[in-house]
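S.K.: Just one file: coords_29.tsv, with TSV, C-alpha atoms.
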chain	number	residue	atom	x	y	z
A	1312	MET	CA	-32.22	-87.28	-11.83
A	1313	TRP	CA	-34.46	-90.37	-11.55
A	1314	LEU	CA	-36.97	-88.66	-13.82
A	1315	LEU	CA	-34.20	-87.94	-16.31
A	1316	LEU	CA	-33.10	-91.59	-16.22
A	1317	THR	CA	-36.70	-92.71	-16.79
A	1318	VAL	CA	-36.99	-90.44	-19.81
A	1319	THR	CA	-33.69	-91.79	-21.11
A	1320	SER	CA	-35.02	-95.34	-20.94
A	1321	VAL	CA	-38.10	-94.22	-22.90
A	1322	ILE	CA	-35.82	-92.77	-25.60
A	1323	PHE	CA	-33.98	-96.10	-25.77
A	1324	THR	CA	-37.32	-97.91	-26.12
A	1325	PHE	CA	-38.60	-95.73	-28.94
A	1326	GLY	CA	-35.23	-95.28	-30.62
A	1327	GLY	CA	-34.75	-92.02	-32.53
A	1328	ALA	CA	-38.49	-91.25	-32.48
A	1329	GLN	CA	-37.95	-87.92	-34.27
A	1330	GLY	CA	-41.66	-87.36	-34.73
A	1331	LEU	CA	-42.51	-88.06	-31.09
A	1332	PHE	CA	-39.88	-85.94	-29.38
A	1333	GLY	CA	-38.47	-83.71	-32.12
A	1334	LYS	CA	-34.94	-82.31	-32.23
A	1335	LEU	CA	-34.33	-78.75	-31.02
A	1336	ALA	CA	-31.51	-78.32	-33.50
A	1337	PRO	CA	-29.12	-80.43	-35.58
A	1338	GLU	CA	-26.36	-81.99	-33.53
A	1339	SER	CA	-23.38	-79.66	-33.27
A	1340	PRO	CA	-20.05	-81.08	-34.46
A	1341	GLU	CA	-18.46	-79.46	-31.37
A	1342	ALA	CA	-20.05	-82.10	-29.16
A	1343	ASP	CA	-17.45	-84.64	-30.35
A	1344	MET	CA	-14.47	-82.28	-30.69
A	1345	ASN	CA	-11.49	-81.77	-28.42
A	1346	ILE	CA	-10.48	-78.28	-27.27
A	1347	SER	CA	-8.15	-77.54	-30.19
A	1348	GLN	CA	-10.73	-78.66	-32.71
A	1349	MET	CA	-13.39	-76.45	-31.11
A	1350	ILE	CA	-11.11	-73.43	-31.24
A	1351	ASN	CA	-10.21	-74.15	-34.88
A	1352	TYR	CA	-13.89	-74.69	-35.70
A	1353	TRP	CA	-14.54	-71.02	-34.89
A	1354	GLY	CA	-11.66	-69.85	-37.06
A	1355	TYR	CA	-8.98	-69.35	-34.43
A	1356	PRO	CA	-5.48	-70.84	-34.21
A	1357	CYS	CA	-4.63	-73.10	-31.28
A	1358	GLU	CA	-1.39	-74.28	-29.71
A	1359	GLU	CA	-1.28	-77.21	-27.26
A	1360	TYR	CA	1.23	-77.59	-24.42
A	1361	GLU	CA	1.86	-79.88	-21.48
A	1362	VAL	CA	2.90	-78.23	-18.22
A	1363	VAL	CA	4.55	-80.36	-15.54
A	1364	THR	CA	3.92	-79.37	-11.93
A	1365	GLU	CA	6.43	-79.59	-9.11
A	1366	ASP	CA	4.71	-82.75	-7.81
A	1367	GLY	CA	4.58	-84.46	-11.20
A	1368	TYR	CA	1.13	-83.77	-12.65
A	1369	ILE	CA	0.97	-83.09	-16.38
A	1370	LEU	CA	-1.54	-80.38	-17.26
A	1371	GLY	CA	-3.01	-79.69	-20.68
A	1372	VAL	CA	-2.74	-76.00	-21.55
A	1373	PHE	CA	-4.18	-74.42	-24.69
A	1374	ARG	CA	-3.26	-71.12	-26.33
A	1375	ILE	CA	-5.03	-68.86	-28.81
A	1376	PRO	CA	-2.05	-66.72	-29.83
A	1377	TYR	CA	-3.87	-64.32	-32.15
A	1378	GLY	CA	-7.29	-63.63	-33.63
A	1379	LYS	CA	-9.03	-64.56	-36.84
A	1380	LYS	CA	-7.42	-63.49	-40.07
A	1381	ASN	CA	-9.34	-60.86	-42.02
A	1382	SER	CA	-11.72	-60.29	-39.10
A	1383	ASP	CA	-11.85	-56.50	-39.60
A	1384	ASN	CA	-10.15	-56.05	-36.21
A	1385	LEU	CA	-13.16	-57.41	-34.27
A	1386	ASP	CA	-10.88	-59.32	-31.92
A	1387	ALA	CA	-9.51	-57.56	-28.83
A	1388	GLY	CA	-5.90	-58.54	-29.58
A	1389	TYR	CA	-5.01	-60.54	-26.46
A	1390	ASP	CA	-2.86	-63.65	-26.24
A	1391	VAL	CA	-5.32	-66.10	-24.59
A	1392	TRP	CA	-4.25	-69.10	-22.50
A	1393	LEU	CA	-6.69	-71.75	-21.25
A	1394	GLY	CA	-5.49	-73.69	-18.21
A	1395	ASN	CA	-6.71	-76.97	-16.72
A	1396	SER	CA	-6.52	-78.29	-13.17
A	1397	ARG	CA	-5.28	-81.78	-12.39
A	1398	GLY	CA	-7.76	-84.60	-12.77
A	1399	ASN	CA	-10.06	-83.12	-15.38
A	1400	THR	CA	-10.43	-84.56	-18.89
A	1401	TRP	CA	-7.43	-82.65	-20.24
A	1402	SER	CA	-5.06	-83.10	-17.28
A	1403	ARG	CA	-5.13	-86.75	-16.35
A	1404	LYS	CA	-1.45	-87.70	-16.50
A	1405	ASN	CA	1.33	-87.88	-13.91
A	1406	LEU	CA	5.05	-88.66	-14.04
A	1407	TYR	CA	4.82	-91.18	-11.21
A	1408	TYR	CA	1.23	-92.40	-10.79
A	1409	SER	CA	-1.37	-93.91	-13.08
A	1410	PRO	CA	-4.84	-92.34	-13.05
A	1411	ASP	CA	-6.02	-95.83	-12.08
A	1412	SER	CA	-4.23	-95.48	-8.75
A	1413	VAL	CA	-5.51	-94.02	-5.48
A	1414	GLU	CA	-2.31	-91.98	-5.19
A	1415	PHE	CA	-3.07	-90.04	-8.37
A	1416	TRP	CA	-6.37	-88.78	-6.91
A	1417	ALA	CA	-5.01	-87.70	-3.51
A	1418	PHE	CA	-5.53	-84.00	-4.17
A	1419	SER	CA	-8.03	-81.18	-3.81
A	1420	PHE	CA	-8.09	-77.48	-4.63
A	1421	ASP	CA	-5.16	-77.12	-2.18
A	1422	GLU	CA	-2.81	-78.69	-4.72
A	1423	MET	CA	-4.43	-76.85	-7.63
A	1424	ALA	CA	-3.54	-73.58	-5.90
A	1425	LYS	CA	-0.12	-74.68	-4.62
A	1426	TYR	CA	1.13	-76.42	-7.76
A	1427	ASP	CA	-1.14	-76.20	-10.83
A	1428	LEU	CA	-1.74	-72.46	-11.03
A	1429	PRO	CA	1.90	-71.47	-10.30
A	1430	ALA	CA	3.24	-74.00	-12.83
A	1431	THR	CA	0.85	-72.76	-15.51
A	1432	ILE	CA	1.58	-69.08	-14.90
A	1433	ASP	CA	5.35	-69.71	-14.79
A	1434	PHE	CA	5.11	-71.57	-18.11
A	1435	ILE	CA	3.17	-68.73	-19.76
A	1436	VAL	CA	5.58	-66.09	-18.46
A	1437	GLU	CA	8.56	-68.05	-19.73
A	1438	LYS	CA	6.94	-68.73	-23.10
A	1439	THR	CA	5.72	-65.19	-23.77
A	1440	GLY	CA	8.24	-63.03	-21.95
A	1441	GLN	CA	5.39	-61.09	-20.38
A	1442	GLU	CA	6.10	-60.07	-16.80
A	1443	LYS	CA	2.44	-59.77	-15.78
A	1444	LEU	CA	-0.80	-61.47	-16.81
A	1445	HIS	CA	-4.52	-60.94	-16.45
A	1446	TYR	CA	-6.20	-63.84	-14.64
A	1447	ILE	CA	-9.85	-64.78	-15.20
A	1448	GLY	CA	-11.35	-67.45	-12.97
A	1449	HIS	CA	-14.83	-68.93	-12.63
A	1450	SER	CA	-16.15	-70.77	-9.56
A	1451	GLN	CA	-13.34	-73.02	-8.24
A	1452	GLY	CA	-11.03	-71.13	-10.58
A	1453	THR	CA	-11.57	-68.13	-8.30
A	1454	THR	CA	-10.99	-70.25	-5.19
A	1455	ILE	CA	-7.56	-71.38	-6.31
A	1456	GLY	CA	-6.79	-67.77	-7.28
A	1457	PHE	CA	-7.71	-66.52	-3.79
A	1458	ILE	CA	-5.49	-69.16	-2.19
A	1459	ALA	CA	-2.53	-68.88	-4.53
A	1460	PHE	CA	-2.40	-65.09	-4.65
A	1461	SER	CA	-2.73	-64.74	-0.86
A	1462	THR	CA	-0.09	-67.37	0.01
A	1463	ILE	CA	2.50	-67.03	-2.78
A	1464	PRO	CA	3.63	-63.37	-2.97
A	1465	THR	CA	5.97	-63.98	-5.92
A	1466	LEU	CA	3.06	-65.37	-7.93
A	1467	ALA	CA	0.76	-62.52	-6.93
A	1468	LYS	CA	3.27	-60.02	-8.34
A	1469	ARG	CA	2.79	-61.56	-11.78
A	1470	ILE	CA	-0.94	-60.78	-11.89
A	1471	LYS	CA	-2.12	-57.43	-13.24
A	1472	THR	CA	-5.76	-57.96	-12.36
A	1473	PHE	CA	-7.85	-60.88	-11.11
A	1474	TYR	CA	-11.29	-61.10	-12.76
A	1475	ALA	CA	-13.51	-63.28	-10.55
A	1476	LEU	CA	-16.73	-64.71	-11.98
A	1477	ALA	CA	-19.13	-66.40	-9.51
A	1478	PRO	CA	-16.44	-66.30	-6.80
A	1479	VAL	CA	-16.41	-69.00	-4.13
A	1480	ALA	CA	-14.56	-68.61	-0.84
A	1481	THR	CA	-17.28	-69.97	1.47
A	1482	VAL	CA	-20.50	-71.88	0.84
A	1483	THR	CA	-22.26	-71.03	4.08
A	1484	TYR	CA	-25.45	-69.92	2.34
A	1485	ALA	CA	-25.30	-72.16	-0.74
A	1486	GLU	CA	-28.65	-73.86	-1.41
A	1487	SER	CA	-27.63	-76.22	-4.20
A	1488	PRO	CA	-28.42	-79.91	-3.66
A	1489	LEU	CA	-24.70	-80.46	-4.18
A	1490	LYS	CA	-24.17	-78.98	-0.70
A	1491	LYS	CA	-26.19	-81.87	0.71
A	1492	LEU	CA	-23.16	-84.07	0.00
A	1493	SER	CA	-21.55	-82.44	3.04
A	1494	LEU	CA	-24.09	-84.28	5.23
A	1495	ILE	CA	-22.55	-87.63	4.28
A	1496	PRO	CA	-19.72	-88.72	6.63
A	1497	ALA	CA	-16.38	-88.98	4.83
A	1498	SER	CA	-16.10	-92.73	5.46
A	1499	LEU	CA	-19.55	-93.37	3.98
A	1500	PHE	CA	-18.87	-90.96	1.12
A	1501	LYS	CA	-15.83	-93.05	0.11
A	1502	ILE	CA	-17.88	-96.25	0.30
A	1503	ILE	CA	-20.43	-94.71	-2.07
A	1504	PHE	CA	-18.13	-92.87	-4.47
A	1505	GLY	CA	-14.78	-94.59	-3.95
A	1506	ASN	CA	-11.52	-92.72	-3.36
A	1507	LYS	CA	-10.49	-91.82	-6.89
A	1508	ILE	CA	-12.38	-89.82	-9.50
A	1509	PHE	CA	-15.69	-88.02	-8.94
A	1510	MET	CA	-18.10	-87.40	-11.85
A	1511	PRO	CA	-15.89	-88.31	-14.80
A	1512	HIS	CA	-17.19	-87.54	-18.26
A	1513	ASN	CA	-18.59	-90.59	-20.02
A	1514	TYR	CA	-20.62	-91.64	-23.04
A	1515	PHE	CA	-23.86	-91.47	-21.06
A	1516	ASP	CA	-23.33	-87.71	-20.71
A	1517	GLN	CA	-22.85	-87.58	-24.47
A	1518	PHE	CA	-26.07	-89.51	-24.99
A	1519	LEU	CA	-28.01	-87.18	-22.66
A	1520	GLY	CA	-26.73	-84.21	-24.62
A	1521	THR	CA	-27.42	-85.46	-28.12
A	1522	GLU	CA	-30.46	-87.74	-27.70
A	1523	VAL	CA	-32.32	-86.59	-24.59
A	1524	CYS	CA	-31.77	-82.91	-23.86
A	1525	MET	CA	-31.89	-81.93	-27.54
A	1526	ARG	CA	-35.52	-83.13	-27.83
A	1527	LYS	CA	-38.13	-80.37	-27.83
A	1528	LEU	CA	-40.31	-82.05	-25.22
A	1529	LEU	CA	-37.36	-82.91	-22.96
A	1530	GLY	CA	-35.19	-79.80	-23.17
A	1531	ARG	CA	-37.20	-78.18	-20.39
A	1532	LEU	CA	-36.62	-81.20	-18.16
A	1533	CYS	CA	-32.87	-80.95	-18.70
A	1534	SER	CA	-32.99	-77.20	-18.07
A	1535	ASN	CA	-34.76	-77.74	-14.77
A	1536	ALA	CA	-32.26	-80.42	-13.70
A	1537	LEU	CA	-29.45	-77.95	-14.41
A	1538	PHE	CA	-31.22	-75.09	-12.64
A	1539	ILE	CA	-31.85	-77.14	-9.51
A	1540	MET	CA	-28.07	-77.55	-9.16
A	1541	CYS	CA	-26.93	-74.05	-10.15
A	1542	GLY	CA	-29.89	-71.65	-9.85
A	1543	PHE	CA	-32.70	-70.62	-12.21
A	1544	ASP	CA	-32.33	-68.35	-15.24
A	1545	ARG	CA	-34.26	-69.80	-18.16
A	1546	GLN	CA	-34.10	-66.74	-20.41
A	1547	ASN	CA	-30.30	-66.82	-20.76
A	1548	LEU	CA	-29.81	-70.55	-21.43
A	1549	ASN	CA	-29.24	-71.57	-25.05
A	1550	VAL	CA	-30.89	-75.00	-24.96
A	1551	SER	CA	-29.88	-75.68	-28.57
A	1552	ARG	CA	-26.30	-76.18	-27.30
A	1553	PHE	CA	-27.10	-78.85	-24.70
A	1554	ASP	CA	-25.26	-81.38	-26.85
A	1555	VAL	CA	-22.08	-79.29	-26.65
A	1556	TYR	CA	-22.39	-78.64	-22.92
A	1557	LEU	CA	-22.95	-82.29	-22.06
A	1558	GLY	CA	-20.45	-83.38	-24.67
A	1559	HIS	CA	-17.72	-81.98	-22.44
A	1560	ASN	CA	-19.20	-81.73	-18.94
A	1561	PRO	CA	-18.73	-82.83	-16.26
A	1562	ALA	CA	-14.98	-83.09	-16.75
A	1563	GLY	CA	-14.18	-84.88	-13.48
A	1564	THR	CA	-12.27	-84.13	-10.31
A	1565	SER	CA	-11.16	-86.11	-7.26
A	1566	VAL	CA	-13.38	-87.45	-4.50
A	1567	GLN	CA	-10.96	-85.69	-2.15
A	1568	ASP	CA	-11.77	-82.36	-3.79
A	1569	ILE	CA	-15.48	-82.89	-3.08
A	1570	LEU	CA	-14.68	-83.90	0.51
A	1571	HIS	CA	-12.69	-80.69	0.84
A	1572	TRP	CA	-15.74	-78.68	-0.24
A	1573	SER	CA	-17.84	-80.63	2.26
A	1574	GLN	CA	-15.36	-79.55	4.91
A	1575	VAL	CA	-15.71	-75.90	3.84
A	1576	ALA	CA	-19.49	-76.23	4.02
A	1577	LYS	CA	-19.36	-77.65	7.55
A	1578	SER	CA	-16.72	-75.29	8.95
A	1579	GLY	CA	-17.88	-72.10	7.26
A	1580	LYS	CA	-14.21	-71.36	6.54
A	1581	LEU	CA	-11.87	-71.46	3.57
A	1582	GLN	CA	-9.15	-73.69	4.97
A	1583	ALA	CA	-6.69	-76.36	3.91
A	1584	PHE	CA	-7.82	-79.97	3.61
A	1585	ASN	CA	-8.27	-81.85	6.89
A	1586	TRP	CA	-6.36	-85.11	6.50
A	1587	GLY	CA	-8.50	-86.81	9.11
A	1588	SER	CA	-6.36	-86.84	12.24
A	1589	PRO	CA	-4.13	-84.46	14.24
A	1590	TYR	CA	-1.14	-86.66	13.38
A	1591	GLN	CA	-1.76	-86.49	9.63
A	1592	ASN	CA	-2.34	-82.74	9.81
A	1593	LEU	CA	0.97	-82.36	11.71
A	1594	LEU	CA	2.74	-84.18	8.89
A	1595	HIS	CA	1.22	-81.89	6.26
A	1596	TYR	CA	0.99	-78.53	8.06
A	1597	ASN	CA	3.11	-78.75	11.23
A	1598	GLN	CA	-0.06	-78.15	13.22
A	1599	ARG	CA	-2.87	-80.38	14.46
A	1600	THR	CA	-5.66	-78.62	12.53
A	1601	PRO	CA	-5.78	-77.43	8.90
A	1602	PRO	CA	-4.72	-73.78	8.53
A	1603	ASP	CA	-7.22	-71.16	7.39
A	1604	TYR	CA	-6.68	-69.25	4.16
A	1605	ASP	CA	-6.75	-65.49	4.69
A	1606	VAL	CA	-8.28	-63.93	1.58
A	1607	SER	CA	-7.64	-60.47	3.03
A	1608	ALA	CA	-3.90	-61.12	2.62
A	1609	MET	CA	-4.32	-60.92	-1.18
A	1610	THR	CA	-3.29	-57.53	-2.58
A	1611	VAL	CA	-3.87	-58.33	-6.27
A	1612	PRO	CA	-6.36	-55.89	-7.87
A	1613	ILE	CA	-9.64	-57.72	-8.36
A	1614	ALA	CA	-12.95	-57.22	-10.18
A	1615	VAL	CA	-15.94	-59.35	-9.17
A	1616	TRP	CA	-19.12	-60.43	-10.95
A	1617	ASN	CA	-21.71	-62.57	-9.17
A	1618	GLY	CA	-25.22	-63.78	-9.90
A	1619	GLY	CA	-28.38	-62.90	-8.03
A	1620	HIS	CA	-29.83	-66.38	-8.66
A	1621	ASP	CA	-26.61	-68.29	-8.02
A	1622	ILE	CA	-27.22	-71.02	-5.43
A	1623	LEU	CA	-23.58	-72.18	-5.36
A	1624	ALA	CA	-21.83	-68.80	-5.06
A	1625	ASP	CA	-24.74	-67.39	-3.07
A	1626	PRO	CA	-25.00	-63.57	-2.98
A	1627	LYS	CA	-24.80	-63.64	0.84
A	1628	ASP	CA	-21.50	-65.54	0.69
A	1629	VAL	CA	-20.22	-63.02	-1.86
A	1630	ASP	CA	-21.30	-60.18	0.45
A	1631	MET	CA	-19.15	-61.77	3.18
A	1632	LEU	CA	-16.21	-61.98	0.78
A	1633	LEU	CA	-16.19	-58.46	-0.66
A	1634	PRO	CA	-15.08	-56.58	2.51
A	1635	LYS	CA	-12.07	-58.90	2.77
A	1636	LEU	CA	-10.73	-57.89	-0.66
A	1637	GLN	CA	-8.03	-55.24	-0.15
A	1638	ASN	CA	-7.90	-54.04	-3.70
A	1639	LEU	CA	-11.44	-54.33	-5.07
A	1640	LEU	CA	-11.62	-52.38	-8.32
A	1641	TYR	CA	-15.14	-53.23	-9.42
A	1642	HIS	CA	-18.15	-55.28	-8.39
A	1643	LYS	CA	-21.34	-56.10	-10.25
A	1644	GLU	CA	-24.19	-58.39	-9.28
A	1645	VAL	CA	-26.04	-59.61	-12.36
A	1646	LEU	CA	-29.44	-60.18	-10.80
A	1647	PRO	CA	-30.88	-62.84	-13.19
A	1648	TYR	CA	-27.67	-64.91	-13.36
A	1649	ASN	CA	-27.13	-68.41	-11.96
A	1650	HIS	CA	-23.77	-70.11	-11.44
A	1651	LEU	CA	-23.17	-71.18	-15.04
A	1652	ASP	CA	-24.48	-68.07	-16.79
A	1653	PHE	CA	-21.02	-66.50	-16.58
A	1654	ILE	CA	-19.75	-69.05	-19.10
A	1655	TRP	CA	-22.95	-70.07	-20.96
A	1656	ALA	CA	-25.45	-67.20	-20.90
A	1657	MET	CA	-26.45	-65.81	-24.28
A	1658	ASN	CA	-25.95	-62.23	-23.04
A	1659	ALA	CA	-22.71	-62.88	-21.11
A	1660	PRO	CA	-20.67	-60.78	-23.61
A	1661	GLN	CA	-22.81	-57.73	-22.91
A	1662	GLU	CA	-23.19	-58.31	-19.16
A	1663	VAL	CA	-19.65	-59.42	-18.32
A	1664	TYR	CA	-17.06	-59.92	-21.08
A	1665	ASP	CA	-17.23	-56.43	-22.58
A	1666	GLU	CA	-16.69	-55.00	-19.11
A	1667	ILE	CA	-13.66	-57.24	-18.56
A	1668	LEU	CA	-12.15	-56.02	-21.83
A	1669	SER	CA	-12.88	-52.43	-20.87
A	1670	LEU	CA	-11.09	-52.87	-17.53
A	1671	MET	CA	-8.17	-54.58	-19.26
A	1672	ALA	CA	-7.89	-51.68	-21.70
A	1673	LYS	CA	-7.49	-49.25	-18.78
A	1674	ASP	CA	-4.55	-51.21	-17.41
Using structure tokens, write down the structure that the file contains.
M.R.:
Amino acid sequence: MWLLLTVTSVIFTFGGAQGLFGKLAPESPEADMNISQMINYWGYPCEEYEVVTEDGYILGVFRIPYGKKNSDNLDAGYDVWLGNSRGNTWSRKNLYYSPDSVEFWAFSFDEMAKYDLPATIDFIVEKTGQEKLHYIGHSQGTTIGFIAFSTIPTLAKRIKTFYALAPVATVTYAESPLKKLSLIPASLFKIIFGNKIFMPHNYFDQFLGTEVCMRKLLGRLCSNALFIMCGFDRQNLNVSRFDVYLGHNPAGTSVQDILHWSQVAKSGKLQAFNWGSPYQNLLHYNQRTPPDYDVSAMTVPIAVWNGGHDILADPKDVDMLLPKLQNLLYHKEVLPYNHLDFIWAMNAPQEVYDEILSLMAKD
């Protein structure tokens, strides 16, 4: 990261310096668009909704109700809903608390599973009249699925199939530098990062995407920085879209969410957040220690894709997870893939998405 910051200062010094660094591609208009605009940009309709959770968080939810007009039936015909967890760029409102307050950020993936996912699914069911939905999750999106579908039976009954991409239930074998955050004591972590938002999106990210990572001589540097965090797979990364990726990522979460992942890393277990003392845990859970989440209690049919070069959802952690899944329909390890390839890889449609559609068609 220090090297990236040094390069950024050089760019500032030399200004645009097109001849020195050279652009990989013209800046994409998507880098400055919101979600609805991006969907419309590719010729699809978009509907925006706000979903209110039981504890007062207001989540942005986006819908693609039908495909492109006159597309010669190339679309698969599904009603697509895009959900957001509390605290990210599109879900930063609450009925009672300001996002400037500590109280707003007192959540982790516990609350995403307990409140956000059920509220979103209930809203979709009510809006569409569909009794059952297909659920696709990536990374922490799989984690909240594992928790919600194993602890809320009524919610689990509404899911036809759970499609898990780069699933994360434990991070015992994760080798990403992000895991090193777990070595920092919680008290020191809060001194360093505060007790509100962690990694919000800002204009510096936008600048990195449009002025640094889009330069021919610097794209490789940005690729390597990304790979160090998520695993290496150079051949499947479309570097010409760095401006779009960094135009929207990171989207932010709570410091408490990161502390929760640090807890998972230390304990080797998927368990509820430890509130710091037996007394606080008694208040939240009626027991002195945080309860474990039992993934094997989930009966929802599930299909799993994981990456051989993923250093966040490490293949060894996935191997520990698979035997716990009662109703495993399908599993595929995509050997070259890292953690982000499931959403960004140039060949993701062939390696993953077409298979998801094929499994959906059988249901």
S.K.: Which residues, protein or nucleic acid, reach to within 10 Å of (-28.3, -69.5, 2.3) in the file's coordinates when using only C-alpha atoms, and can you give that as a list in words?
M.R.: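 With a cut-off of 10 Å, the residues come to Val1482, Thr1483, Tyr1484, Ala1485, Glu1486, Ser1487, Ile1622, Leu1623, Ala1624, Asp1625, Pro1626, Lys1627 and Asp1628 of chain A.
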S.K.: Can you tell me, as a PyMOL selection string, what residues are no more than 10 Å from Gly1388 in chain A when counting only C-alpha atoms, ignoring any on the same chain fewer than 3 positions away?
M.R.: chain A and resi 1376-1379+1384-1385+1391
S.K.: Calculate how many Å separate CA of Ala1583 in chain A from CA of Phe1473 in chain A, rounding to one decimal.
M.R.: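 Taking CA of Ala1583 in chain A and CA of Phe1473 in chain A, their separation equals 21.6 Å.
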S.K.: So what do you get for CA of Ala1477 in chain A versus CA of Glu1666 in chain A, distance-wise?
M.R.: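 Going from CA of Ala1477 in chain A over to CA of Glu1666 in chain A covers 15.1 Å.
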S.K.: May I ask which of the residues A:Gly1398, A:Gly1587, A:Pro1429, A:Gly1563 is the closest one to Thr1465 in chain A, counting only C-alpha atoms?
M.R.: A:Pro1429
S.K.: Can you find the residues with an atom no farther than 12 Å from (7.5, -68.8, -14.9), counting all atoms listed in the file, and report them as number ranges by chain?
M.R.: A: 1362-1364, 1428-1444, 1465-1466, 1468-1469
S.K.: List as JSON, numbers by chain the protein and nucleic acid residues near Gln1567 in chain A, meaning an atom at most 8 Å away when all atoms listed in the file are counted, but skip any in the same chain fewer than 2 places from it.
M.R.: {"A": [1416, 1417, 1418, 1419, 1506, 1507, 1565, 1569, 1570, 1571]}
S.K.: Which residue out of A:Ile1508, A:Met1423, A:Val1629, A:Met1349 has the minimum interatomic distance to Asp1366 in chain A when all atoms listed in the file are used?
M.R.: A:Met1423
S.K.: Got a sec: who's within 7 Å of Asn1405 in chain A, counting all atoms listed in the file, leaving out chain neighbours fewer than 6 positions off, as a PyMOL selection string?
M.R.: chain A and resi 1367-1369
S.K.: Rank A:Pro1660, A:Pro1478, A:Gly1579, A:Gly1354 by their smallest atom-to-atom distance to Gly1618 in chain A, using only C-alpha atoms, and report the top residue only.
M.R.: A:Pro1478
